[in-house]
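Coordinates from query-v6.txt are shown below (compact mmCIF, C-alpha atoms and all ligand atoms).
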```txt
# COMPACT_ATOMS: atom_id res chain seq x y z
CA MET A 1 64.66 89.07 170.13
CA PRO A 2 68.02 87.82 171.37
CA GLU A 3 68.33 86.22 168.03
CA GLU A 4 67.41 89.46 166.40
CA VAL A 5 69.77 91.35 168.71
CA SER A 6 72.45 88.88 168.09
CA ALA A 7 71.49 89.06 164.49
CA GLY A 8 71.71 92.81 164.70
CA PRO A 9 75.47 92.93 164.87
CA GLU A 10 75.53 90.19 162.29
CA VAL A 11 73.31 92.21 160.03
CA SER A 12 75.13 95.43 160.70
CA ALA A 13 78.42 93.65 160.13
CA GLY A 14 76.96 91.95 157.09
CA PRO A 15 76.89 94.95 154.79
CA ASP A 16 80.46 95.78 155.73
CA ARG A 17 81.66 92.35 154.76
CA SER A 18 79.65 92.22 151.59
CA THR A 19 80.89 95.71 150.74
CA LEU A 20 84.38 94.46 151.33
CA ARG A 21 83.69 91.41 149.19
CA LEU A 22 82.18 93.59 146.51
CA ALA A 23 85.19 95.86 146.65
CA LEU A 24 87.48 92.88 146.33
CA VAL A 25 85.49 91.47 143.45
CA VAL A 26 85.34 94.82 141.66
CA GLY A 27 89.00 95.42 142.37
CA GLY A 28 89.83 91.99 141.06
CA LEU A 29 87.83 92.61 137.92
CA VAL A 30 89.52 95.96 137.37
CA LEU A 31 92.88 94.32 137.88
CA ALA A 32 91.97 91.50 135.52
CA VAL A 33 90.80 93.97 132.89
CA LEU A 34 93.94 96.05 133.27
CA LEU A 35 96.10 92.96 133.12
CA GLY A 36 94.22 91.63 130.13
CA PHE A 37 94.49 94.98 128.43
CA GLY A 38 98.21 95.08 129.11
CA LEU A 39 98.72 91.59 127.81
CA GLY A 40 96.52 92.20 124.84
CA ARG A 41 98.36 95.35 124.06
CA SER A 42 101.77 93.80 124.26
CA ASN A 43 100.55 90.90 122.14
CA THR A 44 99.27 93.34 119.59
CA ASP A 45 102.55 95.20 119.63
CA GLY A 46 104.44 91.98 119.24
CA ALA A 47 102.27 90.81 116.37
CA ALA A 48 102.28 94.11 114.60
CA THR A 49 105.86 95.09 115.06
CA GLY A 50 107.91 92.07 115.92
CA GLY A 51 109.08 93.57 119.17
CA PRO A 52 110.11 96.77 120.73
CA SER A 53 112.99 97.37 118.35
CA SER A 54 110.70 98.16 115.49
CA ALA A 55 107.53 99.49 117.04
CA ALA A 56 107.53 102.94 115.54
CA GLU A 57 108.02 102.11 111.94
CA HIS A 58 105.43 99.42 111.83
CA SER A 59 102.83 101.55 113.51
CA ASP A 60 103.18 104.05 110.69
CA PRO A 61 100.25 103.55 108.38
CA PRO A 62 101.34 103.46 104.77
CA GLY A 63 102.31 106.84 103.48
CA THR A 64 102.02 108.66 106.77
CA GLY A 65 105.49 108.33 108.16
CA PRO A 66 108.90 108.79 106.69
CA HIS A 67 110.04 105.56 105.19
CA ASN A 68 113.02 104.05 106.81
CA HIS A 69 115.14 101.28 105.48
CA GLY A 70 115.85 99.04 108.40
CA THR A 71 113.44 99.13 111.24
CA ALA A 72 112.50 101.86 113.62
CA THR A 73 112.23 105.57 113.12
CA GLY A 74 114.20 107.52 115.63
CA THR A 75 113.28 111.02 114.67
CA ASP A 76 109.93 112.13 115.89
CA GLN A 77 108.53 109.54 118.24
CA GLY A 78 111.39 109.03 120.63
CA THR A 79 111.46 105.45 119.45
CA PRO A 80 114.12 102.81 119.89
CA THR A 81 117.12 103.13 117.68
CA GLU A 82 118.02 99.47 117.59
CA PRO A 83 119.30 98.23 114.25
CA GLY A 84 117.55 95.62 112.12
CA GLY A 85 118.82 92.62 110.25
CA LEU A 86 120.10 90.82 113.34
CA ALA A 87 117.41 88.14 113.32
CA VAL A 88 116.27 85.56 110.80
CA SER A 89 112.75 85.92 112.16
CA SER A 90 110.94 89.04 113.34
CA ALA A 91 107.48 90.64 113.30
CA GLY A 92 105.96 87.26 112.47
CA PHE A 93 108.04 86.80 109.33
CA THR A 94 110.91 84.42 108.73
CA LEU A 95 113.62 84.56 106.14
CA ALA A 96 114.01 81.06 104.72
CA PRO A 97 116.96 80.66 102.36
CA LEU A 98 116.82 77.60 100.09
CA GLY A 99 120.53 76.94 100.36
CA THR A 100 123.23 79.04 102.00
CA GLU A 101 126.48 77.59 100.65
CA PHE A 102 128.28 79.13 97.69
CA ALA A 103 131.53 78.27 95.96
CA ALA A 104 133.79 81.28 96.43
CA GLY A 105 134.27 83.27 93.26
CA ARG A 106 131.78 81.24 91.24
CA PRO A 107 128.42 82.55 90.04
CA GLY A 108 125.57 81.06 92.01
CA GLN A 109 121.95 81.70 92.72
CA LEU A 110 120.44 82.77 96.03
CA ARG A 111 116.87 81.61 96.51
CA PHE A 112 114.73 82.30 99.53
CA GLN A 113 111.22 82.80 100.79
CA VAL A 114 109.69 85.05 103.38
CA ARG A 115 107.28 82.96 105.43
CA ASP A 116 104.52 84.02 107.77
CA VAL A 117 103.66 82.50 111.15
CA GLN A 118 101.78 79.68 109.41
CA ARG A 119 104.98 79.00 107.42
CA ARG A 120 103.27 80.03 104.21
CA PRO A 121 105.41 81.95 101.72
CA VAL A 122 104.45 85.61 101.62
CA THR A 123 103.61 86.87 98.14
CA ARG A 124 102.35 90.44 98.71
CA PHE A 125 105.07 93.04 99.08
CA ALA A 126 104.94 96.80 98.82
CA ILE A 127 107.16 98.63 96.35
CA VAL A 128 109.58 100.66 98.43
CA HIS A 129 112.35 102.63 96.74
CA ASP A 130 111.16 101.29 93.39
CA LYS A 131 111.53 97.64 94.41
CA PRO A 132 109.55 95.04 96.35
CA MET A 133 112.73 93.48 97.76
CA HIS A 134 116.13 94.89 98.54
CA LEU A 135 118.85 92.37 99.25
CA ILE A 136 122.13 93.47 100.78
CA VAL A 137 125.04 91.04 100.93
CA VAL A 138 128.34 91.71 102.68
CA ARG A 139 131.10 89.58 104.10
CA ARG A 140 131.35 89.61 107.88
CA ASP A 141 134.44 91.81 107.74
CA LEU A 142 132.23 94.39 105.94
CA THR A 143 133.94 93.89 102.56
CA GLY A 144 132.36 92.77 99.29
CA TYR A 145 129.19 94.85 99.63
CA GLN A 146 126.43 94.11 97.12
CA HIS A 147 122.97 95.61 96.76
CA LEU A 148 120.71 93.34 94.71
CA HIS A 149 117.08 93.16 93.68
CA PRO A 150 115.76 89.62 93.53
CA THR A 151 112.69 88.70 91.52
CA MET A 152 109.79 86.71 92.93
CA ALA A 153 108.09 83.69 91.39
CA ALA A 154 104.34 83.31 91.82
CA ASP A 155 104.83 80.91 94.74
CA GLY A 156 106.76 83.53 96.72
CA THR A 157 110.25 82.19 96.00
CA TRP A 158 112.73 84.99 95.43
CA SER A 159 115.87 84.45 93.39
CA VAL A 160 118.88 86.48 92.36
CA PRO A 161 122.25 85.66 90.80
CA LEU A 162 124.90 85.93 93.48
CA THR A 163 128.64 85.50 93.56
CA LEU A 164 130.49 85.49 96.86
CA ALA A 165 133.87 86.63 95.59
CA GLN A 166 135.98 85.48 98.53
CA PRO A 167 135.74 82.68 101.07
CA GLY A 168 134.20 83.51 104.41
CA VAL A 169 130.94 83.96 106.22
CA TRP A 170 128.67 86.49 104.60
CA ARG A 171 125.58 88.29 105.81
CA ALA A 172 122.49 88.65 103.62
CA TYR A 173 119.78 91.17 104.55
CA ALA A 174 116.30 91.06 103.08
CA ASP A 175 114.73 94.50 103.41
CA PHE A 176 111.05 94.45 102.48
CA THR A 177 107.53 95.55 103.38
CA VAL A 178 104.77 92.96 103.60
CA VAL A 179 101.21 93.92 102.68
CA ALA A 180 98.58 92.10 104.74
CA ASP A 181 95.13 91.15 103.46
CA ASN A 182 93.67 94.22 105.19
CA GLY A 183 96.24 96.43 103.48
CA ALA A 184 98.36 96.96 106.58
CA GLN A 185 102.05 97.21 105.80
CA THR A 186 104.86 95.81 107.90
CA ALA A 187 108.43 96.79 107.08
CA VAL A 188 111.06 94.30 108.19
CA THR A 189 114.73 93.66 107.65
CA LEU A 190 115.73 90.07 108.27
CA GLY A 191 119.23 88.67 108.08
CA THR A 192 120.85 85.31 107.54
CA ASP A 193 124.40 84.07 107.10
CA LEU A 194 125.71 82.61 103.87
CA VAL A 195 128.96 80.70 103.60
CA ALA A 196 131.70 80.39 101.03
CA PRO A 197 134.02 77.62 102.27
CA GLY A 198 137.75 78.21 101.99
CA GLY A 199 140.55 80.12 103.63
CA TYR A 200 139.05 83.25 105.14
CA GLN A 201 141.42 86.23 105.11
CA PRO A 202 139.58 88.93 107.04
CA ARG A 203 140.50 92.49 106.22
CA PRO A 204 140.72 95.23 108.83
CA LEU A 205 138.14 97.98 108.63
CA PRO A 206 139.64 100.97 106.78
CA ASP A 207 140.39 104.11 108.79
CA PRO A 208 137.54 106.53 109.36
CA ALA A 209 137.14 109.19 106.67
CA THR A 210 134.47 111.54 105.41
CA SER A 211 135.78 111.50 101.85
CA THR A 212 136.64 108.71 99.44
CA THR A 213 137.09 108.03 95.76
CA VAL A 214 135.35 105.42 93.64
CA ASP A 215 135.39 104.87 89.87
CA GLY A 216 136.86 108.34 89.32
CA PHE A 217 134.37 110.13 91.57
CA THR A 218 135.16 111.88 94.80
CA VAL A 219 132.44 111.43 97.37
CA ALA A 220 132.38 113.35 100.64
CA TYR A 221 129.82 113.75 103.36
CA GLN A 222 128.97 116.26 106.04
CA GLY A 223 127.23 115.50 109.30
CA THR A 224 128.11 114.26 112.74
CA PRO A 225 126.33 111.08 113.74
CA GLN A 226 125.66 110.79 117.46
CA ALA A 227 125.01 107.73 119.58
CA GLY A 228 121.32 107.08 119.96
CA ALA A 229 120.28 109.93 117.70
CA THR A 230 119.03 110.54 114.20
CA VAL A 231 121.09 113.13 112.39
CA PRO A 232 121.33 114.38 108.80
CA LEU A 233 124.17 113.30 106.54
CA THR A 234 124.65 115.02 103.20
CA PHE A 235 126.80 113.59 100.44
CA ARG A 236 128.41 115.43 97.59
CA VAL A 237 129.63 113.60 94.50
CA ASP A 238 132.22 115.22 92.24
CA GLY A 239 133.50 114.02 88.90
CA ALA A 240 136.45 115.30 86.91
CA GLY A 241 134.64 118.52 86.02
CA GLY A 242 132.95 119.32 89.33
CA ALA A 243 129.62 118.19 90.70
CA ALA A 244 128.59 114.92 89.07
CA PRO A 245 125.21 114.83 87.27
CA LEU A 246 123.49 112.47 89.67
CA GLU A 247 120.59 110.44 88.35
CA ARG A 248 117.69 109.02 90.25
CA TYR A 249 118.34 105.58 91.57
CA LEU A 250 115.70 103.67 93.54
CA GLY A 251 113.44 106.68 93.77
CA ALA A 252 116.05 109.02 95.17
CA TYR A 253 119.44 110.41 94.29
CA GLY A 254 121.23 107.85 96.33
CA HIS A 255 120.76 104.84 98.49
CA LEU A 256 122.59 104.54 101.80
CA VAL A 257 123.13 101.45 103.90
CA ALA A 258 124.97 101.56 107.23
CA LEU A 259 126.18 98.49 109.08
CA ARG A 260 127.60 98.22 112.58
CA GLU A 261 130.92 96.51 113.13
CA GLY A 262 130.70 93.55 115.49
CA ASP A 263 127.16 92.37 114.97
CA LEU A 264 126.51 93.79 111.49
CA GLY A 265 123.36 95.52 112.70
CA TYR A 266 121.57 97.23 109.83
CA LEU A 267 120.93 100.87 110.65
CA HIS A 268 118.00 103.01 109.79
CA VAL A 269 118.39 105.48 107.01
CA HIS A 270 115.71 107.81 105.67
CA PRO A 271 116.54 109.32 102.30
CA GLU A 272 115.27 112.67 101.12
CA PRO A 273 113.71 112.26 97.67
CA GLU A 274 115.21 115.46 96.26
CA LEU A 275 118.69 116.90 96.22
CA VAL A 276 119.37 119.51 98.88
CA ASP A 277 121.82 122.16 97.62
CA GLY A 278 123.14 119.62 95.14
CA ARG A 279 123.72 117.12 97.90
CA VAL A 280 122.13 113.78 98.62
CA LYS A 281 120.62 113.97 102.08
CA PHE A 282 119.81 111.16 104.47
CA TRP A 283 118.74 110.85 108.08
CA LEU A 284 120.87 108.26 109.83
CA THR A 285 120.11 106.66 113.16
CA THR A 286 123.14 105.28 114.98
CA PRO A 287 122.17 103.14 117.96
CA GLY A 288 125.29 103.72 120.05
CA PRO A 289 129.03 104.21 120.11
CA GLY A 290 131.04 102.08 117.76
CA ARG A 291 132.40 101.73 114.28
CA TYR A 292 130.13 101.63 111.29
CA ARG A 293 130.56 101.15 107.58
CA LEU A 294 128.52 103.34 105.25
CA TYR A 295 127.73 102.31 101.68
CA LEU A 296 126.38 104.97 99.36
CA ASP A 297 124.99 103.82 96.01
CA PHE A 298 124.66 106.58 93.45
CA GLN A 299 124.01 106.62 89.73
CA VAL A 300 125.76 108.64 87.03
CA GLY A 301 125.54 107.87 83.31
CA ALA A 302 123.22 104.93 84.00
CA ASP A 303 125.94 103.23 86.04
CA VAL A 304 125.62 102.61 89.76
CA HIS A 305 128.67 103.21 91.92
CA THR A 306 129.19 102.53 95.60
CA ALA A 307 131.22 104.78 97.88
CA GLU A 308 132.23 103.34 101.25
CA PHE A 309 133.16 105.11 104.47
CA THR A 310 134.16 104.02 107.93
CA LEU A 311 132.40 106.05 110.60
CA VAL A 312 133.33 106.16 114.26
CA VAL A 313 130.65 107.24 116.71
CA PRO A 314 132.25 108.20 120.03
CU CU B 401 117.54 98.01 96.82
```
For this file, produce the structure as C-alpha cells.
Amino acid sequence: MPEEVSAGPEVSAGPDRSTLRLALVVGGLVLAVLLGFGLGRSNTDGAATGGPSSAAEHSDPPGTGPHNHGTATGTDQGTPTEPGGLAVSSAGFTLAPLGTEFAAGRPGQLRFQVRDVQRRPVTRFAIVHDKPMHLIVVRRDLTGYQHLHPTMAADGTWSVPLTLAQPGVWRAYADFTVVADNGAQTAVTLGTDLVAPGGYQPRPLPDPATSTTVDGFTVAYQGTPQAGATVPLTFRVDGAGGAAPLERYLGAYGHLVALREGDLGYLHVHPEPELVDGRVKFWLTTPGPGRYRLYLDFQVGADVHTAEFTLVVP
C-alpha cells in the first residue's frame, strides 16, 4: 500500500511528465518539419532561380508571364528589381568564355559555353526575341555597345565574330533561357569581362537627354523612370520625312538594353510586341537612383540602328 500510495503520486505525476515529453517530442517534430520545409523551400528557390534577385521571372512558367530581358519582373509580383549580368554564375549556370583577350581594333572570335552545375555544356535554349542567345558587349565606360547573336555548335560551344574597337576592359552579357529536360525554362543573364590590352582612354558618360540622333534619325522617348519601380518608356523614331517606317526586329519594333553606371548592372526591360500610337513601348525597371545608359536598337530599311541615351534616376 505505501508503495502504491507512494506510487500514487508517481503515477499521477507520470502522465504529466509523459505529456510534457510528448509535447516536447511533438513540438520538436513540428519544428523540425517547419525547419526542413523552410530549408527545402529556400533550396528550391535557389536551384530554380539562382537567388532572390531573379525569383519572379524564373517562377514564371513558359508563356505565362511577360518576358523580361535581364532577370526579375518588377511589375506585378512586387518582386526584387535587382539588375542581372553582375555574376559569371547564377541560377546553377556558369558562363565559361574560351578566351577573354582580344587585340584592340582587330577582328576576333568570342567563344563560350554555358555550363550547368555538373559543368556540362548546356545545349537546350529557348528562342526568346527570335534568338536562342543574345550577347551584349560594351566597354566599361559604357561606350562601344554591340548586340550580337552567336551561333551554337552541337557540343554547346557558342561563337560570334567580335571586334573590341578600343583598348580597355569590356563587359559581355549572355542573355538566354535554358530549357530543362522537364521543359522548365530558366532565364538568366550572366556577365564576364573581356580585355583589350592597351592604353585605356575612358570617356565620360554623355549628359542626360531624352532625344538623340543616329544615322539621320531622331529618336526621342517619353517616360519618367523611378527608383525601384517599373515604368513605361515609349520611343518615337523620326526620319527626314516624319515618323520612320519601323520594321520588326527580334520579334518587336525595337530592342532596349539599359545598363547601370558603376557596376554595369543589366536592367530588366519588357518590350511590347506591337507599336503603341506609332511608338515603341517598353517597361523598364530601374533598381535605384543613379545614372544609366539606354541602348535602343531599331530597324528601318533592313538596317539596324542603335540610339543611346543617358538617364538619371534621382
Ligand atoms: Cu539579341
Record the distance separating CA of Leu110 (chain A) and CA of Phe298 (chain A), expressed in Å with one decimal.
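About the pair CA of Leu110 (chain A) and CA of Phe298 (chain A): they are 24.3 Å apart.
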Grab me every residue within 8 Å of ligand CU 401 (chain B), counting all atoms listed in the file, and send it over as an NGL selection string.
:A and (129-131 or 133-136 or 147-149 or 175 or 250 or 255)
Can you write out the residues you just picked, keeping C-alpha atoms, as a short mmCIF file (atom, residue, chain, number, x, y, z; two decimals), keeping the file's coordinate frame?
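The result, written out as result34.cif:
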```
data_model
loop_
_atom_site.label_atom_id
_atom_site.label_comp_id
_atom_site.auth_asym_id
_atom_site.auth_seq_id
_atom_site.Cartn_x
_atom_site.Cartn_y
_atom_site.Cartn_z
CA HIS A 129 112.35 102.63 96.74
CA ASP A 130 111.16 101.29 93.39
CA LYS A 131 111.53 97.64 94.41
CA MET A 133 112.73 93.48 97.76
CA HIS A 134 116.13 94.89 98.54
CA LEU A 135 118.85 92.37 99.25
CA ILE A 136 122.13 93.47 100.78
CA HIS A 147 122.97 95.61 96.76
CA LEU A 148 120.71 93.34 94.71
CA HIS A 149 117.08 93.16 93.68
CA ASP A 175 114.73 94.50 103.41
CA LEU A 250 115.70 103.67 93.54
CA HIS A 255 120.76 104.84 98.49
#
```
Which region 186-231 of chain A residues have any atom within 6 Å of an atom of region 284-294 of chain A, and for each, what is the nearest pair of atoms with distance in Å to one decimal, counting only C-alpha atoms, rows sorted by chain and number, as CSV?
```
residue,atom,partner,partner_atom,distance
A:Ala227,CA,A:Gly288,CA,4.0
A:Gly228,CA,A:Pro287,CA,4.5
A:Ala229,CA,A:Thr285,CA,5.6
A:Thr230,CA,A:Thr285,CA,4.2
A:Val231,CA,A:Leu284,CA,5.5
```
Grab the CA of Thr218 (chain A) to CA of Gly241 (chain A) distance for me, in Å with one decimal place.
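One can read the CA of Thr218 (chain A) to CA of Gly241 (chain A) distance as 11.0 Å.
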Residues near Trp170 (chain A), anyone? I mean within 7 Å using all atoms listed in the file, not counting same-chain ones fewer than 2 positions away, as a PyMOL selection string.
chain A and resi 137-140+168+172+193-195
Counting all atoms listed in the file, the residue among A:Ala126, A:Ala153, A:Leu190, A:Leu142 that lies closest to Leu95 (chain A) is A:Leu190
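CA of Arg115 (chain A) to CA of Thr192 (chain A) spans 13.9 Å [interatomic distance, one decimal].
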Mind dumping a table of every region 156-235 of chain A residue within 9 Å of region 86-94 of chain A, with the nearest atom pair and its distance in Å to one decimal, using all atoms listed in the file, sorted by chain and rising number, as a Markdown table?
```
| residue | atom | partner | partner_atom | distance |
| --- | --- | --- | --- | --- |
| A:Tyr173 | CA | A:Leu86 | CA | 8.8 |
| A:Thr186 | CA | A:Ala91 | CA | 7.9 |
| A:Ala187 | CA | A:Ala91 | CA | 8.8 |
| A:Val188 | CA | A:Ala91 | CA | 7.2 |
| A:Thr189 | CA | A:Ser90 | CA | 8.3 |
| A:Leu190 | CA | A:Val88 | CA | 5.2 |
| A:Gly191 | CA | A:Val88 | CA | 5.1 |
| A:Thr192 | CA | A:Val88 | CA | 5.6 |
```
Which of these, A:Gly262, A:Gly239, A:Pro245, A:Gly144, has the shortest distance to Tyr295 (chain A) once you count all atoms listed in the file?
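Of all the options, A:Gly144 lies closest to Tyr295 (chain A).
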Distance criterion (only C-alpha atoms): nearest to Tyr145 (chain A) out of A:Trp158, A:Pro197, A:Asp263, A:Leu256
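Comparing A:Trp158, A:Pro197, A:Asp263, A:Leu256 against Tyr145 (chain A), the winner is A:Leu256.
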Name the residues in contact with Phe102 (chain A) at a cut-off of 7 Å, using all atoms listed in the file, excluding same-chain residues fewer than 4 positions from it; report them as a PyMOL selection string.
chain A and resi 108+164+195-196
